[in-house]
Amino acid sequence: MKKLLIISMFAALVFLVSTISVSALMFNSGHFEGIYSGNENAYDLASLFGYDSSLSCSKYDFDEDKITGSFNVTIEDLTEEGDPNQWGSFSSDYNLVGYTIKGGNNFALYSLNPEIAFGYWNTEHLENGAGQITDLSHFIVAGAPPAPVPEPSTMLLLGTGLVSLIGFSRKKLKKK
């Protein structure tokens, strides 16, 4: 009897999980900053995220199915048929500081903290005044510039300084 109860509870759980849509389990990555109106660009996003103009951006155009920008981003559309919201995931070869999703004249801004290179998006915040979700047109991600790579001469100077330091410390130990 106990076994039968456990098996039926397990079957009910499996049935419940299978009926829940995938999109219901997803959530927007990052912190929702608000809805803004207009055409966004690297300068506007930099100021909205609190960075100077060195912020790098990439833009995915859903109408043309292409990405333009300074680093590589892939977008996966996970929207199920009949779902009024559009859902998806994004990944980048770059750490990101935030992203926007744009539909109609509005775009929703999300900041990412800590910086990540993978996340989920949806259009739930792009609802117009009539309670309808506008079609997604662009997905824009922004990343801070990567840490500078040291030049070979800088590494040579650092190495020479370390060798000198080791030499002086050995000389001092020999005197004692």
# chains A, B, ... in the order shown; residues from 1 in each chain; ligands from 1
call {"tool": "residues_around", "arguments": {"residues": "A:Ser37", "least_positions_apart": "6", "cutoff": "8 Å", "atoms": "only C-alpha atoms", "output": "ChimeraX atom specification"}}
result
/A:105-107
call {"tool": "write_last_selection", "arguments": {"atoms": "C-alpha atoms", "output": "PDB file, in the first residue's frame"}}
result
ATOM      1  CA  ASN A 105       9.184  52.309 -29.261  1.00  0.00           C
ATOM      2  CA  ASN A 106      10.118  50.930 -25.850  1.00  0.00           C
ATOM      3  CA  PHE A 107      13.037  48.958 -24.507  1.00  0.00           C
TER       4      PHE A 107
END
call {"tool": "residues_around", "arguments": {"residues": "stretch 52-57 of chain A", "least_positions_apart": "4", "cutoff": "10 Å", "atoms": "only C-alpha atoms", "output": "list in words"}}
result
Asn41, Ala42, Tyr43, Asp44, Leu45, Ala46, Ser47, Leu48, Thr68, Gly69, Ser70, Phe71, Asn72, Val73, Leu96, Val97, Gly98, Tyr99, Ile140, Val141, Ala142, Gly143, Ala144, Pro145 and Pro146 of chain A
call {"tool": "write_last_selection", "arguments": {"atoms": "C-alpha atoms", "output": "JSON list (two decimals), in the first residue's frame"}}
result
[["chain", "number", "residue", "atom", "x", "y", "z"],
["A", 41, "ASN", "CA", 22.84, 52.85, -28.92],
["A", 42, "ALA", "CA", 26.20, 52.26, -27.26],
["A", 43, "TYR", "CA", 26.39, 55.79, -25.89],
["A", 44, "ASP", "CA", 22.90, 55.70, -24.38],
["A", 45, "LEU", "CA", 23.46, 52.27, -22.82],
["A", 46, "ALA", "CA", 26.80, 53.38, -21.42],
["A", 47, "SER", "CA", 25.15, 56.31, -19.65],
["A", 48, "LEU", "CA", 22.20, 54.19, -18.47],
["A", 68, "THR", "CA", 26.27, 43.43, -35.22],
["A", 69, "GLY", "CA", 28.72, 44.77, -32.68],
["A", 70, "SER", "CA", 32.07, 44.39, -31.04],
["A", 71, "PHE", "CA", 31.80, 40.87, -29.61],
["A", 72, "ASN", "CA", 30.04, 37.61, -30.36],
["A", 73, "VAL", "CA", 26.62, 36.86, -28.85],
["A", 96, "LEU", "CA", 28.31, 41.28, -19.85],
["A", 97, "VAL", "CA", 27.19, 44.18, -17.66],
["A", 98, "GLY", "CA", 23.63, 44.37, -18.96],
["A", 99, "TYR", "CA", 21.17, 43.98, -21.78],
["A", 140, "ILE", "CA", 21.24, 44.48, -27.24],
["A", 141, "VAL", "CA", 23.94, 43.32, -24.83],
["A", 142, "ALA", "CA", 26.66, 45.49, -23.32],
["A", 143, "GLY", "CA", 30.01, 44.58, -21.83],
["A", 144, "ALA", "CA", 32.76, 46.49, -20.12],
["A", 145, "PRO", "CA", 36.10, 46.51, -21.90],
["A", 146, "PRO", "CA", 38.31, 43.53, -21.04]]
call {"tool": "closest_residue", "arguments": {"among": "A:Leu136, A:Ile67, A:Val149, A:Val163", "to": "A:Gly88", "atoms": "only C-alpha atoms"}}
result
A:Leu136
call {"tool": "atom_distance", "arguments": {"atom1": "atom CA of A:Asn39", "atom2": "atom CA of A:Asp61"}}
result
13.1 Å
call {"tool": "atom_distance", "arguments": {"atom1": "atom CA of A:Asp63", "atom2": "atom CA of A:Gly38"}}
result
17.9 Å
call {"tool": "select_by_dssp", "arguments": {"residues": "stretch 59-156 of chain A", "states": "helix (DSSP H, G or I)", "output": "short mmCIF file (atom, residue, chain, number, x, y, z; two decimals) with N, CA, C and O atoms, in the first residue's frame"}}
result
data_model
loop_
_atom_site.label_atom_id
_atom_site.label_comp_id
_atom_site.auth_asym_id
_atom_site.auth_seq_id
_atom_site.Cartn_x
_atom_site.Cartn_y
_atom_site.Cartn_z
N GLU A 124 8.16 40.24 -20.92
CA GLU A 124 7.09 40.54 -19.98
C GLU A 124 7.00 42.02 -19.61
O GLU A 124 5.92 42.52 -19.32
N HIS A 125 8.11 42.74 -19.64
CA HIS A 125 8.09 44.15 -19.25
C HIS A 125 7.80 45.09 -20.42
O HIS A 125 7.72 46.30 -20.21
N LEU A 126 7.64 44.56 -21.63
CA LEU A 126 7.39 45.40 -22.80
C LEU A 126 5.91 45.53 -23.13
O LEU A 126 5.54 45.86 -24.24
N PRO A 152 54.83 42.93 -23.84
CA PRO A 152 56.04 42.14 -23.56
C PRO A 152 57.11 42.93 -22.81
O PRO A 152 57.78 42.39 -21.92
N SER A 153 57.24 44.22 -23.11
CA SER A 153 58.26 45.01 -22.41
C SER A 153 57.91 45.17 -20.93
O SER A 153 58.80 45.19 -20.07
N THR A 154 56.62 45.28 -20.62
CA THR A 154 56.19 45.37 -19.22
C THR A 154 56.53 44.07 -18.49
O THR A 154 56.99 44.09 -17.35
N MET A 155 56.28 42.93 -19.14
CA MET A 155 56.60 41.63 -18.53
C MET A 155 58.12 41.49 -18.33
O MET A 155 58.57 40.95 -17.32
N LEU A 156 58.92 41.98 -19.29
CA LEU A 156 60.38 41.92 -19.17
C LEU A 156 60.85 42.77 -18.00
O LEU A 156 61.71 42.33 -17.22
#
call {"tool": "closest_residue", "arguments": {"among": "A:Thr160, A:Thr79, A:Ser91, A:Ser137", "to": "A:Lys66", "atoms": "only C-alpha atoms"}}
result
A:Ser137
call {"tool": "atom_distance", "arguments": {"atom1": "atom CA of A:Gly104", "atom2": "atom CA of A:Thr123"}}
result
11.5 Å
call {"tool": "select_by_dssp", "arguments": {"residues": "stretch 42-173 of chain A", "states": "strand (DSSP E or B)", "output": "MDAnalysis selection string"}}
result
chainID A and resid 56:61 66:69 73:77 87:103 106:122 127 133 136:143
call {"tool": "closest_residue", "arguments": {"among": "A:Ile101, A:Trp121, A:Glu80, A:Glu127", "to": "A:Phe62", "atoms": "only C-alpha atoms"}}
result
A:Ile101
call {"tool": "closest_residue", "arguments": {"among": "A:Glu151, A:Asp93, A:Gly103, A:Phe27", "to": "A:Ala117", "atoms": "only C-alpha atoms"}}
result
A:Asp93
call {"tool": "closest_residue", "arguments": {"among": "A:Tyr51, A:Leu165, A:Lys171, A:Ala108", "to": "A:Gly34", "atoms": "only C-alpha atoms"}}
result
A:Ala108
